[in-house]
$ cat input_37.txt   # compact mmCIF, C-alpha atoms
# COMPACT_ATOMS: atom_id res chain seq x y z
CA MET A 1 -32.13 31.72 -36.92
CA ASN A 2 -35.39 30.30 -38.10
CA THR A 3 -35.86 27.13 -36.06
CA HIS A 4 -38.24 25.20 -38.21
CA LEU A 5 -38.63 21.79 -36.58
CA ILE A 6 -39.28 18.74 -38.71
CA LYS A 7 -40.08 15.31 -37.31
CA LEU A 8 -37.99 12.40 -38.52
CA GLU A 9 -41.14 10.56 -39.59
CA GLU A 10 -41.78 13.31 -42.13
CA LEU A 11 -38.35 12.70 -43.66
CA LEU A 12 -38.05 8.91 -43.53
CA PRO A 13 -40.19 8.01 -46.59
CA SER A 14 -38.56 10.46 -49.00
CA ILE A 15 -35.02 9.35 -48.19
CA GLN A 16 -36.08 5.69 -48.03
CA ALA A 17 -34.53 5.46 -44.60
CA GLN A 18 -34.81 2.88 -41.88
CA LEU A 19 -34.80 4.04 -38.27
CA LEU A 20 -32.13 2.02 -36.39
CA THR A 21 -32.71 3.57 -32.98
CA GLY A 22 -34.49 6.56 -31.50
CA SER A 23 -37.98 7.92 -32.05
CA ALA A 24 -39.55 8.83 -35.39
CA GLN A 25 -41.19 11.63 -33.43
CA ALA A 26 -37.80 13.25 -32.74
CA ASP A 27 -37.35 16.73 -34.19
CA VAL A 28 -34.47 18.04 -36.27
CA ASP A 29 -34.07 21.69 -37.15
CA GLY A 30 -31.44 21.52 -39.84
CA CYS A 31 -28.88 19.37 -41.54
CA TYR A 32 -25.12 19.08 -41.74
CA ILE A 33 -23.19 16.90 -44.14
CA SER A 34 -19.60 15.87 -43.57
CA ASP A 35 -17.42 12.81 -43.19
CA LEU A 36 -14.75 14.64 -41.25
CA LEU A 37 -15.34 14.49 -37.52
CA SER A 38 -13.51 17.69 -36.66
CA ASP A 39 -15.41 19.53 -39.34
CA VAL A 40 -18.66 18.46 -37.69
CA LEU A 41 -17.30 19.53 -34.32
CA ALA A 42 -16.43 22.90 -35.80
CA ARG A 43 -19.55 23.68 -37.81
CA ALA A 44 -22.58 21.55 -37.03
CA GLN A 45 -25.33 23.19 -35.00
CA PRO A 46 -26.98 21.35 -32.12
CA GLY A 47 -30.27 19.65 -32.96
CA VAL A 48 -29.47 18.90 -36.59
CA LEU A 49 -29.56 15.77 -38.69
CA TRP A 50 -26.00 14.77 -39.58
CA VAL A 51 -25.52 12.91 -42.86
CA THR A 52 -22.35 10.84 -43.20
CA ILE A 53 -20.85 7.62 -44.53
CA GLN A 54 -18.77 7.17 -41.37
CA THR A 55 -20.19 4.42 -39.18
CA HIS A 56 -17.43 4.16 -36.58
CA ARG A 57 -18.44 4.69 -32.99
CA ASN A 58 -16.66 8.04 -32.92
CA VAL A 59 -19.62 9.34 -34.90
CA ILE A 60 -21.72 8.84 -31.77
CA SER A 61 -19.14 10.60 -29.58
CA VAL A 62 -19.04 13.56 -31.94
CA ALA A 63 -22.83 13.70 -32.24
CA ALA A 64 -23.14 13.62 -28.44
CA THR A 65 -20.47 16.29 -28.10
CA LYS A 66 -22.45 18.65 -30.32
CA ASP A 67 -25.94 17.61 -29.14
CA ILE A 68 -26.75 16.45 -32.65
CA ALA A 69 -30.26 14.98 -32.73
CA ALA A 70 -29.97 12.34 -35.43
CA VAL A 71 -27.43 10.72 -37.75
CA LEU A 72 -28.21 9.39 -41.22
CA PHE A 73 -25.80 6.80 -42.67
CA THR A 74 -25.88 6.83 -46.47
CA CYS A 75 -24.60 4.55 -49.24
CA ASP A 76 -26.04 1.50 -47.50
CA ARG A 77 -23.55 1.71 -44.65
CA ARG A 78 -24.61 0.09 -41.41
CA PRO A 79 -23.15 0.64 -37.94
CA GLU A 80 -22.45 -2.32 -35.67
CA PRO A 81 -25.08 -3.24 -33.06
CA GLY A 82 -22.85 -1.93 -30.24
CA ILE A 83 -22.82 1.49 -31.86
CA ILE A 84 -26.59 1.50 -32.18
CA ALA A 85 -26.85 0.66 -28.48
CA GLU A 86 -24.49 3.49 -27.64
CA ALA A 87 -26.55 5.96 -29.63
CA GLU A 88 -29.65 4.76 -27.84
CA ASP A 89 -27.95 5.45 -24.49
CA GLN A 90 -27.03 8.93 -25.65
CA GLY A 91 -30.51 9.67 -27.00
CA ILE A 92 -29.34 10.04 -30.58
CA ALA A 93 -31.56 8.73 -33.38
CA LEU A 94 -29.82 6.67 -36.07
CA LEU A 95 -31.10 6.24 -39.63
CA ARG A 96 -29.72 4.42 -42.63
CA THR A 97 -30.46 4.56 -46.34
CA SER A 98 -29.02 3.04 -49.50
CA LEU A 99 -29.16 6.43 -51.23
CA THR A 100 -25.92 8.31 -51.79
CA THR A 101 -25.22 11.36 -49.67
CA PHE A 102 -26.01 13.59 -52.66
CA GLU A 103 -29.35 11.90 -53.35
CA ALA A 104 -30.29 12.00 -49.68
CA ALA A 105 -29.34 15.67 -49.41
CA GLY A 106 -31.51 16.57 -52.40
CA ARG A 107 -34.52 14.77 -51.00
CA LEU A 108 -34.03 16.24 -47.52
CA TRP A 109 -34.02 19.69 -49.10
CA GLU A 110 -37.19 18.93 -51.02
CA SER A 111 -38.83 17.66 -47.83
CA GLY A 112 -38.38 21.09 -46.31
CA LEU A 113 -35.13 20.70 -44.37
CA ARG A 114 -33.39 23.86 -45.50
CA GLU A 115 -31.26 25.10 -42.61
CA MET B 116 -3.29 -7.09 17.32
CA SER B 117 -1.73 -4.32 15.37
CA SER B 118 -3.39 -2.43 12.58
CA ALA B 119 -1.95 -1.17 9.34
CA PRO B 120 -1.28 2.53 8.92
CA ALA B 121 -4.55 3.95 7.62
CA THR B 122 -2.88 5.87 4.83
CA GLU B 123 -0.87 2.99 3.50
CA ARG B 124 -2.86 2.60 0.31
CA THR B 125 -6.17 3.88 -0.91
CA PRO B 126 -6.87 2.33 -4.28
CA GLY B 127 -9.29 4.02 -6.64
CA ALA B 128 -12.81 2.67 -6.54
CA SER B 129 -12.58 1.57 -10.14
CA ASP B 130 -9.59 -0.65 -9.31
CA ALA B 131 -11.76 -2.59 -6.93
CA ARG B 132 -14.56 -3.41 -9.34
CA LYS B 133 -13.33 -6.70 -10.70
CA VAL B 134 -12.09 -8.49 -7.58
CA SER B 135 -13.68 -8.45 -4.18
CA VAL B 136 -12.28 -6.16 -1.54
CA ALA B 137 -11.38 -9.16 0.62
CA GLN B 138 -9.34 -10.61 -2.25
CA ILE B 139 -7.44 -7.37 -2.58
CA LEU B 140 -6.87 -7.11 1.13
CA VAL B 141 -5.17 -10.50 1.43
CA TYR B 142 -2.65 -9.29 -1.12
CA GLU B 143 -2.26 -5.83 0.37
CA LEU B 144 -2.08 -6.64 4.03
CA ARG B 145 1.04 -8.08 5.54
CA VAL B 146 1.68 -10.53 8.33
CA ARG B 147 2.85 -7.61 10.48
CA ASP B 148 -0.61 -6.03 10.12
CA ALA B 149 -2.38 -9.08 11.52
CA MET B 150 0.04 -10.66 14.02
CA THR B 151 -0.22 -10.44 17.78
CA GLN B 152 2.67 -8.44 19.12
CA PRO B 153 4.73 -8.52 21.12
CA ALA B 154 4.78 -12.29 21.24
CA ILE B 155 4.33 -13.93 24.63
CA THR B 156 7.58 -15.82 25.06
CA ALA B 157 9.48 -17.86 27.59
CA ALA B 158 13.22 -18.26 28.25
CA PRO B 159 15.08 -21.52 27.52
CA GLY B 160 15.61 -22.08 31.24
CA ASP B 161 11.91 -21.73 32.16
CA THR B 162 10.27 -24.98 33.24
CA LEU B 163 7.58 -26.61 31.13
CA ARG B 164 5.27 -26.21 34.15
CA SER B 165 5.71 -22.44 34.17
CA ILE B 166 5.01 -22.45 30.44
CA GLN B 167 1.85 -24.46 31.09
CA HIS B 168 0.72 -21.77 33.56
CA LEU B 169 1.57 -19.08 31.03
CA MET B 170 -0.56 -20.81 28.38
CA LYS B 171 -3.46 -21.10 30.75
CA ALA B 172 -3.23 -17.49 31.92
CA GLN B 173 -2.83 -16.05 28.39
CA ARG B 174 -5.18 -18.57 26.71
CA ILE B 175 -2.61 -19.50 24.11
CA SER B 176 -1.58 -22.89 22.79
CA GLY B 177 2.05 -22.32 21.91
CA VAL B 178 4.94 -20.34 23.36
CA PRO B 179 8.11 -19.39 21.45
CA ILE B 180 11.32 -19.80 23.42
CA THR B 181 13.66 -16.88 22.88
CA ASP B 182 16.97 -15.58 24.04
CA GLY B 183 17.62 -11.89 23.51
CA GLY B 184 15.07 -11.68 20.71
CA ALA B 185 16.43 -14.70 18.85
CA LEU B 186 14.01 -17.59 18.36
CA LEU B 187 15.40 -20.88 19.74
CA GLY B 188 12.34 -23.12 19.61
CA ILE B 189 8.68 -23.46 20.45
CA VAL B 190 6.69 -25.30 23.09
CA SER B 191 3.17 -26.32 22.09
CA ILE B 192 0.32 -27.56 24.24
CA GLU B 193 1.01 -31.06 22.90
CA ASP B 194 4.54 -30.89 24.29
CA ILE B 195 3.03 -30.01 27.68
CA ILE B 196 0.63 -32.97 27.52
CA TRP B 197 3.56 -35.28 26.69
CA ALA B 198 5.59 -33.79 29.59
CA LEU B 199 2.75 -34.38 32.04
CA ASP B 200 2.29 -37.90 30.72
CA LYS B 201 5.98 -38.81 30.86
CA GLY B 202 6.67 -36.92 34.08
CA TYR B 203 9.21 -34.30 32.96
CA ILE B 204 7.00 -31.24 33.41
CA ASP B 205 9.55 -29.60 35.71
CA ASP B 206 12.39 -29.81 33.14
CA PRO B 207 13.58 -26.60 31.46
CA ALA B 208 11.99 -25.84 28.10
CA GLU B 209 15.26 -26.07 26.15
CA GLN B 210 15.45 -29.80 26.81
CA HIS B 211 12.17 -30.62 25.10
CA MET B 212 11.15 -27.74 22.85
CA ALA B 213 10.80 -28.23 19.10
CA ARG B 214 13.90 -26.65 17.60
CA SER B 215 13.20 -26.71 13.89
CA VAL B 216 10.46 -24.15 13.83
CA ILE B 217 8.72 -22.99 10.68
CA THR B 218 8.39 -19.23 10.81
CA LEU B 219 6.81 -16.50 8.73
CA ARG B 220 8.37 -13.15 7.94
CA ASP B 221 6.58 -9.99 8.99
CA TYR B 222 6.63 -8.68 5.40
CA PHE B 223 4.84 -11.73 3.90
CA THR B 224 1.42 -11.01 2.45
CA LEU B 225 -1.55 -12.53 4.21
CA VAL B 226 -2.30 -14.63 1.13
CA ARG B 227 1.08 -16.29 1.63
CA ALA B 228 0.40 -16.72 5.33
CA VAL B 229 -2.89 -18.44 4.58
CA ALA B 230 -1.07 -20.77 2.17
CA GLU B 231 1.44 -21.64 4.91
CA PHE B 232 -1.38 -22.46 7.33
CA ASP B 233 -2.85 -24.75 4.67
CA ARG B 234 0.48 -26.43 3.99
CA HIS B 235 1.49 -27.08 7.61
CA GLU B 236 -1.02 -28.06 10.21
CA PHE B 237 0.18 -25.63 12.86
CA GLY B 238 -2.18 -23.43 14.79
CA ARG B 239 0.32 -20.56 14.88
CA PHE B 240 3.55 -19.33 13.37
CA PRO B 241 6.22 -17.27 15.11
CA VAL B 242 6.90 -14.16 13.02
CA LEU B 243 10.45 -12.92 12.39
CA ASP B 244 11.52 -9.59 10.99
CA SER B 245 14.28 -9.27 8.40
CA ASN B 246 16.90 -9.29 11.20
CA ASP B 247 15.66 -12.69 12.41
CA HIS B 248 14.19 -11.18 15.55
CA LEU B 249 10.94 -12.59 16.86
CA VAL B 250 8.39 -9.80 16.50
CA GLY B 251 5.05 -11.59 16.94
CA VAL B 252 2.90 -14.66 16.58
CA ILE B 253 0.16 -15.13 14.02
CA THR B 254 -2.86 -17.46 14.04
CA ARG B 255 -5.67 -18.00 11.53
CA GLY B 256 -7.89 -16.13 13.97
CA ASP B 257 -5.58 -13.11 13.79
CA ILE B 258 -5.90 -13.10 9.98
CA THR B 259 -9.68 -13.30 10.11
CA THR B 260 -9.92 -10.50 12.68
CA CYS B 261 -7.55 -8.31 10.68
CA LEU B 262 -9.51 -8.83 7.45
CA MET B 263 -12.80 -8.08 9.19
CA GLN B 264 -11.43 -4.85 10.63
CA HIS B 265 -10.08 -3.68 7.30
CA LEU B 266 -13.25 -4.64 5.44
CA GLU B 267 -15.22 -2.64 7.95
CA ARG B 268 -12.92 0.33 7.51
CA ARG B 269 -13.19 0.12 3.72
CA ALA B 270 -16.96 -0.06 3.96
CA GLU B 271 -17.03 2.98 6.23
CA GLU B 272 -14.75 4.88 3.87
CA ALA B 273 -16.95 3.99 0.91
CA LEU B 274 -20.08 5.10 2.74
CA ALA B 275 -18.43 8.34 3.84
CA HIS B 276 -17.25 8.99 0.29
CA GLU B 277 -20.74 8.40 -1.06
CA ALA B 278 -22.27 10.69 1.54
CA GLU B 279 -19.68 13.34 0.69
CA LEU B 280 -20.51 13.13 -3.01
CA ARG B 281 -24.23 13.30 -2.30
CA ALA B 282 -23.77 16.28 0.00
CA ALA B 283 -21.61 18.05 -2.57
CA ARG B 284 -24.17 17.44 -5.28
CA THR B 285 -27.16 18.62 -3.31
CA ALA B 286 -25.73 21.34 -1.06
CA ASP B 287 -23.72 23.70 -3.20
CA ARG B 288 -22.82 22.16 -6.46
CA THR B 289 -21.29 25.29 -7.93
CA ALA B 290 -18.79 25.69 -5.12
CA HIS B 291 -17.55 22.16 -5.55
CA ARG B 292 -14.51 21.55 -7.67
CA VAL B 293 -14.58 18.46 -9.82
CA VAL B 294 -11.54 16.74 -11.19
CA VAL B 295 -11.45 14.12 -13.88
CA ARG B 296 -8.20 12.41 -14.66
CA ALA B 297 -7.99 9.56 -17.12
CA PRO B 298 -5.35 7.84 -19.23
CA VAL B 299 -5.65 7.84 -23.03
CA ARG B 300 -3.94 5.15 -25.06
CA THR B 301 -2.37 5.60 -28.45
CA GLY B 302 -4.28 4.11 -31.38
CA ASP B 303 -7.28 3.28 -29.20
CA TYR B 304 -9.88 4.52 -31.69
CA ASP B 305 -12.55 2.29 -30.21
CA ASN B 306 -12.43 4.19 -26.95
CA ALA B 307 -12.04 7.63 -28.46
CA GLY B 308 -14.45 9.98 -26.75
CA LYS B 309 -14.84 7.97 -23.54
CA VAL B 310 -13.03 10.52 -21.39
CA SER B 311 -14.72 13.51 -22.98
CA GLN B 312 -18.04 11.76 -22.51
CA ARG B 313 -17.40 11.67 -18.77
CA ILE B 314 -16.51 15.34 -18.76
CA ARG B 315 -19.60 16.14 -20.83
CA GLN B 316 -21.83 14.23 -18.43
CA LEU B 317 -20.34 16.09 -15.46
CA LEU B 318 -20.99 19.42 -17.12
CA ARG B 319 -24.53 18.36 -17.89
CA ASP B 320 -25.06 17.22 -14.29
CA ARG B 321 -23.86 20.57 -13.04
CA GLY B 322 -26.29 22.42 -15.27
CA ILE B 323 -23.60 24.25 -17.25
CA ASP B 324 -25.00 26.36 -20.09
CA PRO B 325 -25.33 24.12 -23.19
CA GLU B 326 -23.21 26.38 -25.41
CA ILE B 327 -20.37 26.41 -22.86
CA ARG B 328 -20.77 22.68 -22.33
CA ARG B 329 -20.50 21.99 -26.06
CA ARG B 330 -17.39 24.15 -26.37
CA ALA B 331 -15.71 22.37 -23.48
CA ALA B 332 -16.80 19.03 -24.92
CA VAL B 333 -15.23 19.85 -28.29
CA VAL B 334 -11.97 20.83 -26.57
CA ALA B 335 -11.95 17.62 -24.55
CA TYR B 336 -12.84 15.41 -27.51
CA GLU B 337 -10.28 16.92 -29.86
CA ALA B 338 -7.58 16.81 -27.19
CA GLU B 339 -8.43 13.19 -26.45
CA THR B 340 -8.38 12.10 -30.09
CA ASN B 341 -5.12 14.02 -30.65
CA ILE B 342 -3.47 11.83 -28.00
CA ILE B 343 -4.90 8.70 -29.65
CA ILE B 344 -3.90 9.67 -33.18
CA HIS B 345 -0.61 11.46 -32.73
CA SER B 346 1.05 10.57 -29.46
CA LEU B 347 2.59 7.60 -27.70
CA GLY B 348 -0.11 7.87 -25.06
CA GLY B 349 -1.00 10.31 -22.34
CA GLU B 350 -3.77 11.52 -20.16
CA ILE B 351 -6.61 14.00 -19.96
CA LEU B 352 -7.16 16.09 -16.87
CA ALA B 353 -10.25 18.22 -16.40
CA LEU B 354 -10.94 20.67 -13.59
CA ILE B 355 -14.37 22.14 -13.27
CA ASP B 356 -14.87 24.99 -10.84
CA PRO B 357 -17.44 27.77 -10.69
CA GLU B 358 -15.44 30.11 -12.95
CA LYS B 359 -14.02 27.87 -15.60
CA ILE B 360 -13.46 24.48 -17.12
CA VAL B 361 -9.80 23.62 -17.48
CA ILE B 362 -8.81 20.81 -19.80
CA GLU B 363 -5.27 19.57 -19.92
CA ALA B 364 -3.93 16.97 -22.30
CA VAL B 365 -0.48 15.67 -21.56
CA ASP B 366 1.29 13.07 -23.64
CA THR B 367 4.68 11.41 -23.57
CA GLY B 368 5.73 12.35 -27.09
CA PRO B 369 6.88 12.50 -29.79
CA GLY B 370 5.92 16.18 -29.66
CA ILE B 371 4.60 18.57 -32.30
CA GLU B 372 7.30 19.57 -34.74
CA ASN B 373 5.82 22.90 -35.69
CA ILE B 374 2.99 24.24 -33.53
CA ASP B 375 2.24 27.21 -35.81
CA GLN B 376 1.77 24.83 -38.71
CA ALA B 377 -0.40 22.51 -36.60
CA MET B 378 -2.63 25.44 -35.71
CA GLN B 379 -3.45 25.99 -39.39
CA GLU B 380 -6.73 24.56 -40.54
CA GLY B 381 -6.31 21.63 -42.91
CA TRP B 382 -2.75 20.80 -41.93
CA SER B 383 -2.50 17.25 -40.61
CA THR B 384 0.08 14.55 -40.04
CA ALA B 385 -2.49 11.81 -39.41
CA GLY B 386 -1.96 8.45 -41.10
CA ARG B 387 -4.30 6.46 -43.30
CA LEU B 388 -6.33 4.61 -40.66
CA PRO B 389 -7.38 7.66 -38.67
CA ARG B 390 -8.21 9.47 -41.92
CA GLU B 391 -10.45 6.62 -43.00
CA LEU B 392 -12.25 6.90 -39.70
CA GLY B 393 -12.90 10.57 -40.33
CA PHE B 394 -10.08 11.97 -38.23
CA GLY B 395 -7.10 13.89 -39.48
CA ALA B 396 -9.02 16.75 -41.07
CA GLY B 397 -6.38 19.09 -39.76
CA MET B 398 -8.98 20.86 -37.67
CA GLY B 399 -8.29 19.49 -34.21
CA LEU B 400 -6.13 22.24 -32.80
CA PRO B 401 -7.99 25.02 -34.66
CA ASN B 402 -11.22 23.64 -33.17
CA ILE B 403 -9.70 23.64 -29.69
CA LYS B 404 -8.52 27.21 -30.18
CA ARG B 405 -11.91 28.37 -31.43
CA CYS B 406 -13.75 26.74 -28.53
CA SER B 407 -11.46 27.79 -25.68
CA ASP B 408 -10.97 31.19 -24.04
CA LYS B 409 -7.34 30.50 -23.28
CA LEU B 410 -4.98 28.02 -24.87
CA GLU B 411 -1.36 27.18 -24.19
CA ILE B 412 0.55 24.45 -25.96
CA THR B 413 4.09 23.47 -25.16
CA SER B 414 5.75 20.68 -27.04
CA ASP B 415 9.17 19.23 -27.56
CA ASN B 416 10.76 15.94 -28.52
CA GLU B 417 11.92 15.13 -25.04
CA HIS B 418 8.82 15.76 -22.94
CA GLY B 419 5.99 15.40 -25.43
CA THR B 420 3.09 17.79 -25.62
CA ARG B 421 1.16 19.61 -22.93
CA LEU B 422 -2.03 21.36 -23.90
CA HIS B 423 -3.79 23.63 -21.42
CA ALA B 424 -7.17 25.01 -22.45
CA GLU B 425 -9.69 27.00 -20.45
CA VAL B 426 -13.34 27.59 -21.16
CA LEU B 427 -14.82 30.31 -18.98
CA ILE B 428 -18.20 29.76 -17.38
CA LYS B 429 -20.15 32.99 -17.61
CA LYS B 430 -21.84 34.15 -14.45
CA ALA B 431 -25.63 33.96 -14.53
CA GLY B 432 -27.11 37.20 -15.79
CA THR B 433 -24.18 38.28 -17.91
CA THR B 434 -24.52 38.13 -21.65
CA SER B 435 -21.99 37.41 -24.31
$ encode --input "input_37.txt" --output "structure tokens"
Amino acid sequence: MNTHLIKLEELLPSIQAQLLTGSAQADVDGCYISDLLSDVLARAQPGVLWVTIQTHRNVISVAATKDIAAVLFTCDRRPEPGIIAEAEDQGIALLRTSLTTFEAAGRLWESGLRE
Amino acid sequence: MSSAPATERTPGASDARKVSVAQILVYELRVRDAMTQPAITAAPGDTLRSIQHLMKAQRISGVPITDGGALLGIVSIEDIIWALDKGYIDDPAEQHMARSVITLRDYFTLVRAVAEFDRHEFGRFPVLDSNDHLVGVITRGDITTCLMQHLERRAEEALAHEAELRAARTADRTAHRVVVRAPVRTGDYDNAGKVSQRIRQLLRDRGIDPEIRRRAAVVAYEAETNIIIHSLGGEILALIDPEKIVIEAVDTGPGIENIDQAMQEGWSTAGRLPRELGFGAGMGLPNIKRCSDKLEITSDNEHGTRLHAEVLIKKAGTTS
């Protein structure tokens, strides 16, 4: 597998995202999109950016379980402060955008995230 | 001074977090653990003067008067002072002893004993067993001494436990077997993942290969959320030894109607709320199966479901 690392700061402007916690210097090496937790557990690779509309704290548990590097919440969804704190503890970066999942995916692809 | 049997109760450390150990001890320990036994007693026919000598010799301020184990009364140092003052010190105890004596039972908790000391202004209470036999005497000093001894023992146990954990971690961490056991409540979506997080952290601490760790973490997480979504409640048990990670999920029902069906990807019986939260994709059991090297599920209406999954830890140097 070609592990092409991209820093979050390279992706933030194109997807109009705000960093809720974590470092903009964090690397991601791919992307997975799903709103079903078990599907993410089954298929997401470690180190990816996970795009979802789910903002429940189970998202953090699943991301931690799979060593997912960052989570992007789309459609203007915002997690509660407690969830952001939990992600911070687990070393998972959280981002949010008002774009839809489709729009965000297209722009991530154009920014070079193609795994 | 007697001491409680050491094995009587050893509560988990987490139980003790919210209240102080001393607070727990006063509820746990009984009068029989703290009392002085056997009680120093006198017979009804003994003179008050002989009782005065007994008090002086034993450095006590009250003597129960008994006959064949039965408590008849009590003579206190005040009674002796009165007897000396009024000149009847050579009379037998039964003529002047206090007959309505307030007693404690040996099975009372110390917190109740303390309350009795606060209510009555006595320096001591005779202690009776459930057959009304006098078995000891208790003072506030006895309670304090007993609490101090038990606190000390608890502190020593805690220190020993800590040292043991430290030794296990540093010395030979692969030879050490770790067990996690935690309850999981039905519908508790807010705490979903808490138990698997502990297991994950343990695996990380033990330097388990990331791929193996992630597989075990998926098994634990799916098993945990299955209990939350589908069962009436249960528990997760994890055993980590050098060869394998064993994860067991046991619940109290209602059981899986058709296991073969449940093993099919996409098949789910989850309700609306869990689905809205992203659960119920019908991939839980298939995920567990894919991530484990061995999987056994037994389920019926009566006993609920028991899931036993094993993830093997490859020896260093071997490849997959």
$ residues_around --input "input_37.txt" --residues "region 92-107 of chain A" --least-positions-apart "2" --cutoff "8 Å" --atoms "all atoms listed in the file" --output "NGL selection string"
:A and (14-23 or 26 or 51-53 or 60 or 63-64 or 68-78 or 84 or 87-90 or 109-111)
$ interface_residues --input "input_37.txt" --of "chain A" --to "chain B" --cutoff "6 Å" --atoms "all atoms listed in the file" --output "VMD selection string"
chain A and resid 35 to 38 42 61 65 to 66
$ atom_distance --input "input_37.txt" --atom1 "CA of Ile192 (chain B)" --atom2 "CA of Ala158 (chain B)"
16.4 Å
$ atom_distance --input "input_37.txt" --atom1 "CA of Phe240 (chain B)" --atom2 "CA of Lys201 (chain B)"
26.3 Å
$ atom_distance --input "input_37.txt" --atom1 "CA of Ala364 (chain B)" --atom2 "CA of His276 (chain B)"
27.4 Å
$ axis_aligned_box --input "input_37.txt" --around "region 39-51 of chain A" --padding-each-side "3 Å" --output "lines of an AutoDock Vina configuration file"
center_x = -22.8
center_y = 18.3
center_z = -37.5
size_x = 20.9
size_y = 16.8
size_z = 16.7
$ closest_residue --input "input_37.txt" --among "A:Leu113, A:Asp27, A:Gln54, A:Val59" --to "Leu41 (chain A)" --atoms "only C-alpha atoms"
A:Val59
$ residues_around --input "input_37.txt" --residues "Thr181 (chain B)" --least-positions-apart "2" --cutoff "8 Å" --atoms "only C-alpha atoms" --output "ChimeraX atom specification"
/B:156-159,179,183-188,249
$ closest_residue --input "input_37.txt" --among "B:Asp200, B:Gly368, B:Glu339, B:Val293" --to "Asp320 (chain B)" --atoms "all atoms listed in the file"
B:Val293
$ closest_residue --input "input_37.txt" --among "B:Glu277, B:Thr218, B:Thr420, B:Glu271" --to "Glu231 (chain B)" --atoms "only C-alpha atoms"
B:Thr218
$ residues_around --input "input_37.txt" --residues "Glu372 (chain B)" --least-positions-apart "3" --cutoff "12 Å" --atoms "all atoms listed in the file" --output "list in words"
His345, Gly368, Pro369, Asp375, Gln376, Ala377, Met378, Ser383, Thr384, Thr413, Ser414, Asp415, Asn416, Glu417, Gly419 and Thr420 of chain B
$ decode --input "input_37.txt" --residues "region 163-189 of chain B" --atoms "C-alpha atoms" --output "mmCIF file, in the first residue's frame"
data_model
loop_
_atom_site.group_PDB
_atom_site.id
_atom_site.type_symbol
_atom_site.label_atom_id
_atom_site.label_comp_id
_atom_site.auth_asym_id
_atom_site.auth_seq_id
_atom_site.Cartn_x
_atom_site.Cartn_y
_atom_site.Cartn_z
ATOM 1 C CA LEU B 163 -17.765 -4.853 96.280
ATOM 2 C CA ARG B 164 -14.302 -4.651 97.868
ATOM 3 C CA SER B 165 -13.054 -7.626 95.861
ATOM 4 C CA ILE B 166 -14.502 -5.993 92.754
ATOM 5 C CA GLN B 167 -12.652 -2.790 93.632
ATOM 6 C CA HIS B 168 -9.396 -4.792 93.788
ATOM 7 C CA LEU B 169 -10.242 -6.439 90.478
ATOM 8 C CA MET B 170 -10.778 -3.032 88.842
ATOM 9 C CA LYS B 171 -7.496 -1.764 90.176
ATOM 10 C CA ALA B 172 -5.554 -4.858 89.107
ATOM 11 C CA GLN B 173 -7.115 -5.010 85.613
ATOM 12 C CA ARG B 174 -7.298 -1.208 85.136
ATOM 13 C CA ILE B 175 -10.962 -1.319 84.237
ATOM 14 C CA SER B 176 -13.826 0.873 85.373
ATOM 15 C CA GLY B 177 -16.751 -1.523 85.236
ATOM 16 C CA VAL B 178 -17.308 -5.207 85.970
ATOM 17 C CA PRO B 179 -20.273 -7.252 84.697
ATOM 18 C CA ILE B 180 -21.781 -9.588 87.269
ATOM 19 C CA THR B 181 -22.593 -12.961 85.763
ATOM 20 C CA ASP B 182 -23.897 -16.326 86.752
ATOM 21 C CA GLY B 183 -23.128 -19.198 84.407
ATOM 22 C CA GLY B 184 -22.630 -16.862 81.459
ATOM 23 C CA ALA B 185 -25.868 -14.964 82.025
ATOM 24 C CA LEU B 186 -25.534 -11.238 82.684
ATOM 25 C CA LEU B 187 -27.191 -10.201 85.973
ATOM 26 C CA GLY B 188 -25.927 -6.651 86.394
ATOM 27 C CA ILE B 189 -22.911 -4.390 86.347
#
